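Peer 1: Dropping the structure in here first, questions after.
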Amino acid sequence: MGKFLDWAKNTFNRIRWKPHEDVSFASLFHTFQRILGLNNRILEIMSDMGTKLGGDYVFDRQYIISSCRQMAVLVYELIYNLNTLAPKKYLKLDDIYRDIARDIQEELAGRLVIPQADDVMSYDIITRDFSDVVGRKNANIAEIKNRLSVAVPEGFAITTRAFKSFFDYNGIQSKVDETLNAWENETITCNQASQKIQGLISSGSMTPQLNKAVERELKHLQDLTGTRDHFFAVRSSAMGEDGEHSFAGQYLSLLNQPQQNLLKCYKDVLASTYSPSVMEYRRQKDFSEHEVAMAVACQYMIDAKVSGVLYTLDPMNPTREEMVISSTWGLGAPIVSGKVNADRFMVSRESPYNIKSLDIVRKTERFVAKECGGCEFRPVNEEMQMQMSLTDHRIRELAEVCLMIERYFKCPQDIEWSIDQEGRLYILQARPLNIKADVAPVVCDISSITEQYPVLFSGKGVIVQNGIASGKVFVVGNDGDLDKFPNGGILVAKETSPRFAKIARKASGIITDVGSPTGHMATISREFRIPTIVKTGIATKILRPGQEITIDAAENVIYEGKIKELCYYGFMEDNFEESYEYRLLRRVLKKITPLNLLDPHDKDFVPLACKTYHDITRFVHEKAVEELINLNYHHRSDAETAGKKLKSDLPLDLIIMDIGGGMKETVDHSTISQDQILSLPMSAFLTGLNTPGAWSREPMSVDFGSFMSSLTRTFSTHQVSPINVGQNLAVISAEYANLSLRLGYHFNMIDAYIGDKINDNYAFFRFLGGVTDPIRRSRRAKFINEVLIQNDFNVEIRGDLVVGRIKKLSPQLMERKMLLLGQLVAFTRQLDVQMSSDQQILKFLSKFEQLTRENETITILGRETS
């Protein structure tokens, strides 16, 4: 890939794009089609790579290398073709592309890409993909902060590279190896080996690089908080810890340490790597001593009012569907070490998380941080000793957050938490709760269990992300619904949308009527590991809001009710994620699949915001459509595409230009009839325009004030651009149509593409103007807005300017949308004149609905559509 990057760089430097006036629109349209094809191929490779993370397919390192190289070539071609459509407009994409490709190349070469200093990493940039560098404990807590937006103590990780550098700098690795060999050969005892190795570590010196890196991170945290002196919790985060083997309580943790003691505490934690108990634990678990590497977590100390531990399932009786919470005043360390009694709450896993039982104990002591550093026990006031350490409200908050963490990590969790003096909840650490042996008897006959539950539908659609989820249905109709989405809900929608990323951390599962397994939302589902099925065709018709269901996105079945045994079955799956190939694939996908550019109208939808290949792909796709619409105006006088006037009973005065396969060959070179048009979007639009009863031929009287308003009206520079005003002209191909219509005093612009690939399909509609006063024009705009929303368009409205967009539907559904737009343009042609009051909006909505209902079956290109 290095040679490819050099070639790409040189090629970009040599490129001299021709100005548009030297290139025919037909040629530019073919470039647009190439972009659509490249977009699909890139998304297909992303989908294939993401599917491999599901665990159902075997792959090796060569597969990862091959896929990444293919992706690099395709993304480069994508950028090149966009720059052909818009010369020199998006050259920044080149630098961004090369940075991403270089990072991926480093990963494939076996060098972990760490954005900041190798020895220290801030929690802000850590994900679970860096588990080999920062340890699972650090990776988990950073993932909870960065991915789920849950509060954790600010902090940083001292990496496993720093551990290795420490050993190399002090020249102790060979001595440690000799001592371990002697222990393994039983020439010395475990205690003797431990004492010798710990002595070597304690007498070692810090590397200058680590000293500087820690100083930089402390300065960063001071700038972040505005406070100079901080106290830290210094915890182990070793390779293998908090994974399949917990190492719980084996390594050293030091609480409330002043920042000037950090490096001494770091050495103490390193030394605990070779305590006698840890060495024996590793031997019993068949861990090789050569696999040992210690990262360290440095977290701000929380001034805790109450702390504790939550198990998201009761390990003693997991089938009871209850969480276990232990809590006490002050810090929670004595709970996990078993030194104090704690309040115990058994809490339902179902919202609103009712307390099923509780045991409130006398809490005579609390463990607190001392002002000068370290911790001590202090007496608890008499009136607080028998008081509940958690209120109902706090229990609900804690349960909701911890179940969200369980959903994300796909297994029951053992979570340590604290609530500070201001009432803020912090998650301190989270590890898997090993209950496989306890739930195995429950799921031994899963087929007979599932037979007891009604199947709502099965085999419908395409599985995007494997998994099992249960929850209550929440139907999303528009972006506003996303603000109300509940934790743990099952998102059900007509179509997929990258905006669903907004609620990804809340959703248990996703089901849609339409959509593509290679679309942007599918990539988000895989990134957030949300069980997802798209393209069911029937989900919104069958599933009711509030209905409790279970998604089996392994067998593609939707059941009514919650099948808890099926959810336990998901907890039993083998942990294939521990393999090197899996970790490598996951790391490179972090530079490929995450989607940060969600809204094309956002001010940050710019090249510099692209952080992944997926971002570049989405950006190019959106801008290619935008550029094509602009190009249509500037190339209307192409000699190659001389227009023909449409023969029609309607007063359209429409000229149609064909750039390839959009109309039949005819003897008459000056006119064309509708039955000679082969363009699918154009034919569908004209059919809608000619729907009986849609085009009113009655003369309309206009009051003098409205008429003068239309004559004296001025448009903003944006509104009078070619895109908004247009002319009575259409540019078409077999799959494409761009229409600019001026009908009286209002303007319509429609741009649409309908092909076999769902990801390519879109329709863009813009409406502006009228002959009446601003109030009546705005009423018509509200009417159009309502019709478009009811028909699943994304709509913006500003005064009497209405912009509607819809995309990624099947050709049949897109055909119906273009038919609807034709009916809408015809129906609203003089509607502003008739809208004398706001009540008229509802009246005409009813009339339009009746019109479309009466013409449900219409023939387009010789085929009936309904």
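We label chains A, B, ... in the order they appear in the structure tokens, count residues from 1 in each chain, and number ligands from 1 in the order shown.
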What lies within 9 Å of range 536-540 of chain A using only C-alpha atoms, ignoring chain neighbours under 3 positions off, as JSON, numbers by chain?

Peer 2: {"A": [457, 459, 460, 461, 462, 475, 492, 493, 494, 511, 512, 513, 514, 515, 533, 543, 544]}

Peer 1: Residues within 7 Å of range 120-126 of chain A, please, as a list in words. Count only C-alpha atoms; anything in the same chain fewer than 6 positions from it doesn't count.

Peer 2: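 So the residues in contact are Ala139, Ala142, Glu143, Asn146, Gly155, Phe156, Ala157, Ile158, Thr159, Ala213 and Val214 of chain A.
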
Peer 1: For the residues in the current selection, export all heavy atoms as a short mmCIF file (atom, residue, chain, number, x, y, z; two decimals), in the first residue's frame.

Peer 2:
```cif
data_model
loop_
_atom_site.label_atom_id
_atom_site.label_comp_id
_atom_site.auth_asym_id
_atom_site.auth_seq_id
_atom_site.Cartn_x
_atom_site.Cartn_y
_atom_site.Cartn_z
N ALA A 139 -9.42 0.45 28.48
CA ALA A 139 -10.18 0.49 27.23
C ALA A 139 -11.68 0.51 27.50
O ALA A 139 -12.43 1.26 26.85
CB ALA A 139 -9.81 -0.70 26.35
N ALA A 142 -12.79 3.97 28.96
CA ALA A 142 -12.74 5.01 27.94
C ALA A 142 -13.84 4.83 26.90
O ALA A 142 -14.42 5.81 26.42
CB ALA A 142 -11.36 5.00 27.26
N GLU A 143 -14.14 3.57 26.56
CA GLU A 143 -15.22 3.29 25.61
C GLU A 143 -16.56 3.75 26.17
O GLU A 143 -17.40 4.31 25.46
CB GLU A 143 -15.26 1.79 25.31
CG GLU A 143 -16.14 1.42 24.16
CD GLU A 143 -15.43 1.41 22.82
OE1 GLU A 143 -14.29 1.86 22.73
OE2 GLU A 143 -16.05 0.93 21.85
N ASN A 146 -16.46 7.61 25.82
CA ASN A 146 -16.44 8.18 24.47
C ASN A 146 -17.59 7.70 23.60
O ASN A 146 -18.09 8.44 22.75
CB ASN A 146 -15.11 7.84 23.78
CG ASN A 146 -13.92 8.45 24.50
OD1 ASN A 146 -14.03 9.53 25.07
ND2 ASN A 146 -12.80 7.77 24.50
N GLY A 155 -9.00 11.18 33.11
CA GLY A 155 -7.74 10.51 33.38
C GLY A 155 -7.01 10.12 32.12
O GLY A 155 -7.34 10.55 31.02
N PHE A 156 -6.00 9.27 32.29
CA PHE A 156 -5.19 8.81 31.18
C PHE A 156 -4.61 7.44 31.51
O PHE A 156 -4.66 6.97 32.66
CB PHE A 156 -4.07 9.82 30.87
CG PHE A 156 -3.14 10.12 32.02
CD1 PHE A 156 -1.99 9.37 32.23
CD2 PHE A 156 -3.42 11.16 32.90
CE1 PHE A 156 -1.13 9.66 33.29
CE2 PHE A 156 -2.57 11.46 33.96
CZ PHE A 156 -1.43 10.70 34.15
N ALA A 157 -4.07 6.80 30.49
CA ALA A 157 -3.46 5.48 30.66
C ALA A 157 -1.97 5.59 30.38
O ALA A 157 -1.56 6.24 29.43
CB ALA A 157 -4.11 4.49 29.69
N ILE A 158 -1.18 4.95 31.21
CA ILE A 158 0.24 4.73 30.90
C ILE A 158 0.30 3.35 30.24
O ILE A 158 -0.13 2.36 30.82
CB ILE A 158 1.11 4.80 32.16
CG1 ILE A 158 0.92 6.15 32.85
CG2 ILE A 158 2.58 4.59 31.80
CD1 ILE A 158 1.72 6.31 34.15
N THR A 159 0.80 3.28 29.05
CA THR A 159 0.58 2.13 28.17
C THR A 159 1.53 0.97 28.43
O THR A 159 2.53 1.09 29.15
CB THR A 159 0.72 2.57 26.70
OG1 THR A 159 2.09 2.91 26.46
CG2 THR A 159 -0.16 3.76 26.39
N ALA A 213 5.98 12.69 29.12
CA ALA A 213 4.61 12.38 28.68
C ALA A 213 3.61 12.58 29.82
O ALA A 213 2.52 13.11 29.62
CB ALA A 213 4.54 10.95 28.16
N VAL A 214 3.98 12.16 31.04
CA VAL A 214 3.10 12.32 32.19
C VAL A 214 2.94 13.80 32.52
O VAL A 214 1.83 14.27 32.83
CB VAL A 214 3.63 11.52 33.40
CG1 VAL A 214 2.85 11.89 34.67
CG2 VAL A 214 3.52 10.02 33.15
#
```

Peer 1: Could you check the closest approach to Leu842 in chain A for each of A:Lys541, A:Gln413, A:Glu854, A:Ile784 and tell me which residue wins, using only C-alpha atoms?

Peer 2: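 Ranking A:Lys541, A:Gln413, A:Glu854, A:Ile784 by distance to Leu842 in chain A, first place goes to A:Ile784.
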
Peer 1: Would you mind listing what lies within 8 Å of Ala304 in chain A as a short mmCIF file (atom, residue, chain, number, x, y, z; two decimals) with all heavy atoms, in the first residue's frame, with only C-alpha atoms counted and same-chain residues fewer than 3 positions away left out?

Peer 2:
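Dumped everything to selection_21.cif:
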```cif
data_model
loop_
_atom_site.label_atom_id
_atom_site.label_comp_id
_atom_site.auth_asym_id
_atom_site.auth_seq_id
_atom_site.Cartn_x
_atom_site.Cartn_y
_atom_site.Cartn_z
N SER A 307 -20.88 4.98 47.29
CA SER A 307 -20.25 4.18 46.23
C SER A 307 -20.70 2.74 46.37
O SER A 307 -21.32 2.34 47.37
CB SER A 307 -18.72 4.24 46.34
OG SER A 307 -18.25 5.54 46.26
N TRP A 329 -21.77 4.35 52.38
CA TRP A 329 -21.30 5.74 52.40
C TRP A 329 -19.82 5.79 52.10
O TRP A 329 -19.05 4.90 52.46
CB TRP A 329 -21.57 6.38 53.76
CG TRP A 329 -23.02 6.37 54.19
CD1 TRP A 329 -23.55 5.78 55.29
CD2 TRP A 329 -24.12 7.00 53.51
NE1 TRP A 329 -24.90 5.97 55.37
CE2 TRP A 329 -25.28 6.72 54.29
CE3 TRP A 329 -24.24 7.74 52.35
CZ2 TRP A 329 -26.53 7.19 53.93
CZ3 TRP A 329 -25.48 8.20 51.98
CH2 TRP A 329 -26.61 7.93 52.77
N GLY A 330 -19.39 6.86 51.41
CA GLY A 330 -17.97 7.04 51.13
C GLY A 330 -17.50 6.27 49.92
O GLY A 330 -18.28 5.99 48.99
N LEU A 331 -16.24 5.89 49.93
CA LEU A 331 -15.64 5.15 48.82
C LEU A 331 -16.05 3.69 48.85
O LEU A 331 -16.37 3.14 49.91
CB LEU A 331 -14.11 5.27 48.88
CG LEU A 331 -13.56 6.70 48.76
CD1 LEU A 331 -12.06 6.74 49.09
CD2 LEU A 331 -13.82 7.26 47.37
N VAL A 368 -12.97 7.27 53.41
CA VAL A 368 -12.94 8.58 52.76
C VAL A 368 -11.51 8.96 52.40
O VAL A 368 -10.53 8.41 52.93
CB VAL A 368 -13.54 9.68 53.67
CG1 VAL A 368 -15.00 9.39 53.96
CG2 VAL A 368 -12.74 9.83 54.95
N SER A 418 -19.53 5.46 41.66
CA SER A 418 -19.56 6.41 42.78
C SER A 418 -20.49 7.56 42.45
O SER A 418 -20.64 7.92 41.27
CB SER A 418 -18.16 6.97 43.07
OG SER A 418 -17.38 6.08 43.82
N ILE A 419 -21.07 8.14 43.48
CA ILE A 419 -21.84 9.38 43.36
C ILE A 419 -21.14 10.43 44.21
O ILE A 419 -20.91 10.21 45.41
CB ILE A 419 -23.29 9.19 43.81
CG1 ILE A 419 -24.00 8.18 42.91
CG2 ILE A 419 -24.04 10.52 43.81
CD1 ILE A 419 -25.38 7.77 43.38
N ASP A 420 -20.74 11.56 43.59
CA ASP A 420 -19.95 12.54 44.33
C ASP A 420 -20.83 13.43 45.20
O ASP A 420 -22.06 13.27 45.25
CB ASP A 420 -19.07 13.35 43.38
CG ASP A 420 -19.86 14.32 42.50
OD1 ASP A 420 -21.08 14.47 42.70
OD2 ASP A 420 -19.24 14.93 41.59
N GLN A 421 -20.20 14.37 45.88
CA GLN A 421 -20.92 15.22 46.83
C GLN A 421 -21.96 16.11 46.16
O GLN A 421 -22.91 16.54 46.80
CB GLN A 421 -19.91 16.09 47.60
CG GLN A 421 -18.88 15.32 48.39
CD GLN A 421 -19.49 14.51 49.54
OE1 GLN A 421 -20.56 14.83 50.04
NE2 GLN A 421 -18.81 13.45 49.94
#
```

Peer 1: Measuring between only C-alpha atoms, which one of A:Met384, A:Leu809, A:Met346, A:Ile79 shows the shortest distance to Val534 in chain A?

Peer 2: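 Among the listed residues, A:Leu809 lies closest to Val534 in chain A.
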
Peer 1: Going by DSSP on the backbone, which bits of range 521-670 of chain A are strand (DSSP E)? Write them as an MDAnalysis selection string, please.

Peer 2: chainID A and resid 532:534 548:552 557:560 644:647 655:658

Peer 1: Quick one: of A:Pro153, A:Gly660, A:Pro379, A:Pro651, who's nearest to Arg424 in chain A, counting only C-alpha atoms?

Peer 2: A:Pro153

Peer 1: Using only C-alpha atoms, determine which residues lie at most 12 Å from Met71 in chain A, disregarding the query and same-chain residues fewer than 6 positions distant; provide the list as a VMD selection string.

Peer 2: chain A and resid 1 4 38 to 49 64 to 65 77 to 78 97 100 to 101 104 588 to 589 591 to 593 612 to 614 616 to 617

Peer 1: Could you list, as a PyMOL selection string, every residue within 8 Å of Val234 in chain A, counting only C-alpha atoms and ignoring same-chain residues fewer than 2 positions away?

Peer 2: chain A and resi 232+236+253-255+257+262+265-266+269+296-299

Peer 1: Could you check which of A:Ile750, A:Leu851, A:Ala737, A:Leu689 is closest to Gly661 in chain A, using only C-alpha atoms?

Peer 2: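 Ranking A:Ile750, A:Leu851, A:Ala737, A:Leu689 by distance to Gly661 in chain A, first place goes to A:Ala737.
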
Peer 1: Fewer than 5 positions away in the same chain doesn't count, so skip those; otherwise give me all residues within 8 Å of Ala193 in chain A, counting only C-alpha atoms, as number ranges by chain.

Peer 2: A: 179-180, 182-183, 188

Peer 1: Taking N, CA and C atoms for each residue, export the selection above as a JSON list (two decimals), in the first residue's frame.

Peer 2:
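Okay, this is what ended up in again-v4.json:
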```json
[["chain", "number", "residue", "atom", "x", "y", "z"],
["A", 179, "THR", "N", 15.00, -15.28, 36.27],
["A", 179, "THR", "CA", 14.33, -15.58, 37.54],
["A", 179, "THR", "C", 13.07, -16.41, 37.31],
["A", 180, "LEU", "N", 12.29, -16.06, 36.28],
["A", 180, "LEU", "CA", 11.07, -16.81, 35.97],
["A", 180, "LEU", "C", 11.39, -18.24, 35.55],
["A", 182, "ALA", "N", 13.97, -19.97, 36.51],
["A", 182, "ALA", "CA", 14.37, -20.69, 37.73],
["A", 182, "ALA", "C", 13.15, -21.12, 38.53],
["A", 183, "TRP", "N", 12.12, -20.24, 38.59],
["A", 183, "TRP", "CA", 10.88, -20.60, 39.30],
["A", 183, "TRP", "C", 10.15, -21.74, 38.59],
["A", 188, "ILE", "N", 13.92, -22.20, 42.57],
["A", 188, "ILE", "CA", 13.59, -21.22, 43.62],
["A", 188, "ILE", "C", 12.08, -21.23, 43.82]]
```

Peer 1: Between A:Pro531, A:Pro486, A:Gly546, A:Gly471, which has the minimum distance to Tyr559 in chain A (counting only C-alpha atoms)?

Peer 2: A:Gly471

Peer 1: When DSSP works through the backbone of this structure, what residues of range 178-235 of chain A end up as helix (DSSP H, G or I), shown as number ranges by chain?

Peer 2: A: 178-184, 190-202, 208-225

Peer 1: Could you list, as number ranges by chain, every residue within 10 Å of Thr51 in chain A, counting only C-alpha atoms and ignoring same-chain residues fewer than 5 positions away?

Peer 2: A: 45-46, 56-57, 463-466, 517, 523, 526

Peer 1: Would you export the selected residues with N, CA, C and O atoms as a PDB file, in the first residue's frame, please?

Peer 2:
```
ATOM      1  N   ILE A  45     -17.775  -3.520   0.448  1.00  0.00           N
ATOM      2  CA  ILE A  45     -16.568  -4.018   1.128  1.00  0.00           C
ATOM      3  C   ILE A  45     -16.645  -3.710   2.621  1.00  0.00           C
ATOM      4  O   ILE A  45     -16.303  -4.545   3.461  1.00  0.00           O
ATOM      5  N   MET A  46     -17.110  -2.509   2.954  1.00  0.00           N
ATOM      6  CA  MET A  46     -17.306  -2.171   4.371  1.00  0.00           C
ATOM      7  C   MET A  46     -18.241  -3.167   5.035  1.00  0.00           C
ATOM      8  O   MET A  46     -18.000  -3.635   6.153  1.00  0.00           O
ATOM      9  N   ASP A  56     -19.313 -15.151  12.530  1.00  0.00           N
ATOM     10  CA  ASP A  56     -19.854 -16.278  11.778  1.00  0.00           C
ATOM     11  C   ASP A  56     -18.951 -16.711  10.630  1.00  0.00           C
ATOM     12  O   ASP A  56     -19.227 -17.706   9.965  1.00  0.00           O
ATOM     13  N   TYR A  57     -17.861 -15.963  10.375  1.00  0.00           N
ATOM     14  CA  TYR A  57     -16.999 -16.275   9.239  1.00  0.00           C
ATOM     15  C   TYR A  57     -15.545 -16.333   9.690  1.00  0.00           C
ATOM     16  O   TYR A  57     -15.105 -15.553  10.533  1.00  0.00           O
ATOM     17  N   ILE A 463     -30.316  -9.372   7.502  1.00  0.00           N
ATOM     18  CA  ILE A 463     -29.634  -9.136   8.772  1.00  0.00           C
ATOM     19  C   ILE A 463     -28.404  -8.272   8.520  1.00  0.00           C
ATOM     20  O   ILE A 463     -27.565  -8.596   7.682  1.00  0.00           O
ATOM     21  N   VAL A 464     -28.306  -7.182   9.252  1.00  0.00           N
ATOM     22  CA  VAL A 464     -27.154  -6.286   9.146  1.00  0.00           C
ATOM     23  C   VAL A 464     -26.145  -6.564  10.260  1.00  0.00           C
ATOM     24  O   VAL A 464     -24.948  -6.609  10.040  1.00  0.00           O
ATOM     25  N   GLN A 465     -26.646  -6.744  11.489  1.00  0.00           N
ATOM     26  CA  GLN A 465     -25.781  -7.012  12.633  1.00  0.00           C
ATOM     27  C   GLN A 465     -26.403  -8.134  13.454  1.00  0.00           C
ATOM     28  O   GLN A 465     -27.546  -8.047  13.882  1.00  0.00           O
ATOM     29  N   ASN A 466     -25.644  -9.206  13.626  1.00  0.00           N
ATOM     30  CA  ASN A 466     -26.128 -10.331  14.420  1.00  0.00           C
ATOM     31  C   ASN A 466     -26.322  -9.930  15.880  1.00  0.00           C
ATOM     32  O   ASN A 466     -25.697  -8.990  16.368  1.00  0.00           O
ATOM     33  N   PRO A 517     -28.215  -3.352   3.424  1.00  0.00           N
ATOM     34  CA  PRO A 517     -27.193  -3.846   4.366  1.00  0.00           C
ATOM     35  C   PRO A 517     -25.835  -3.209   4.124  1.00  0.00           C
ATOM     36  O   PRO A 517     -24.916  -3.418   4.907  1.00  0.00           O
ATOM     37  N   THR A 523     -23.697   0.440   8.642  1.00  0.00           N
ATOM     38  CA  THR A 523     -22.352   0.565   9.194  1.00  0.00           C
ATOM     39  C   THR A 523     -22.401   1.035  10.640  1.00  0.00           C
ATOM     40  O   THR A 523     -21.644   0.545  11.495  1.00  0.00           O
ATOM     41  N   ARG A 526     -23.356  -1.859  12.944  1.00  0.00           N
ATOM     42  CA  ARG A 526     -22.229  -2.755  13.223  1.00  0.00           C
ATOM     43  C   ARG A 526     -21.241  -2.105  14.176  1.00  0.00           C
ATOM     44  O   ARG A 526     -20.681  -2.762  15.049  1.00  0.00           O
TER      45      ARG A 526
END
```

Peer 1: Which residue is closest to His601 in chain A? Choose from A:Asn381, A:Phe409, A:Glu565, A:Glu622 and count only C-alpha atoms.

Peer 2: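 Among the listed residues, A:Glu622 lies closest to His601 in chain A.
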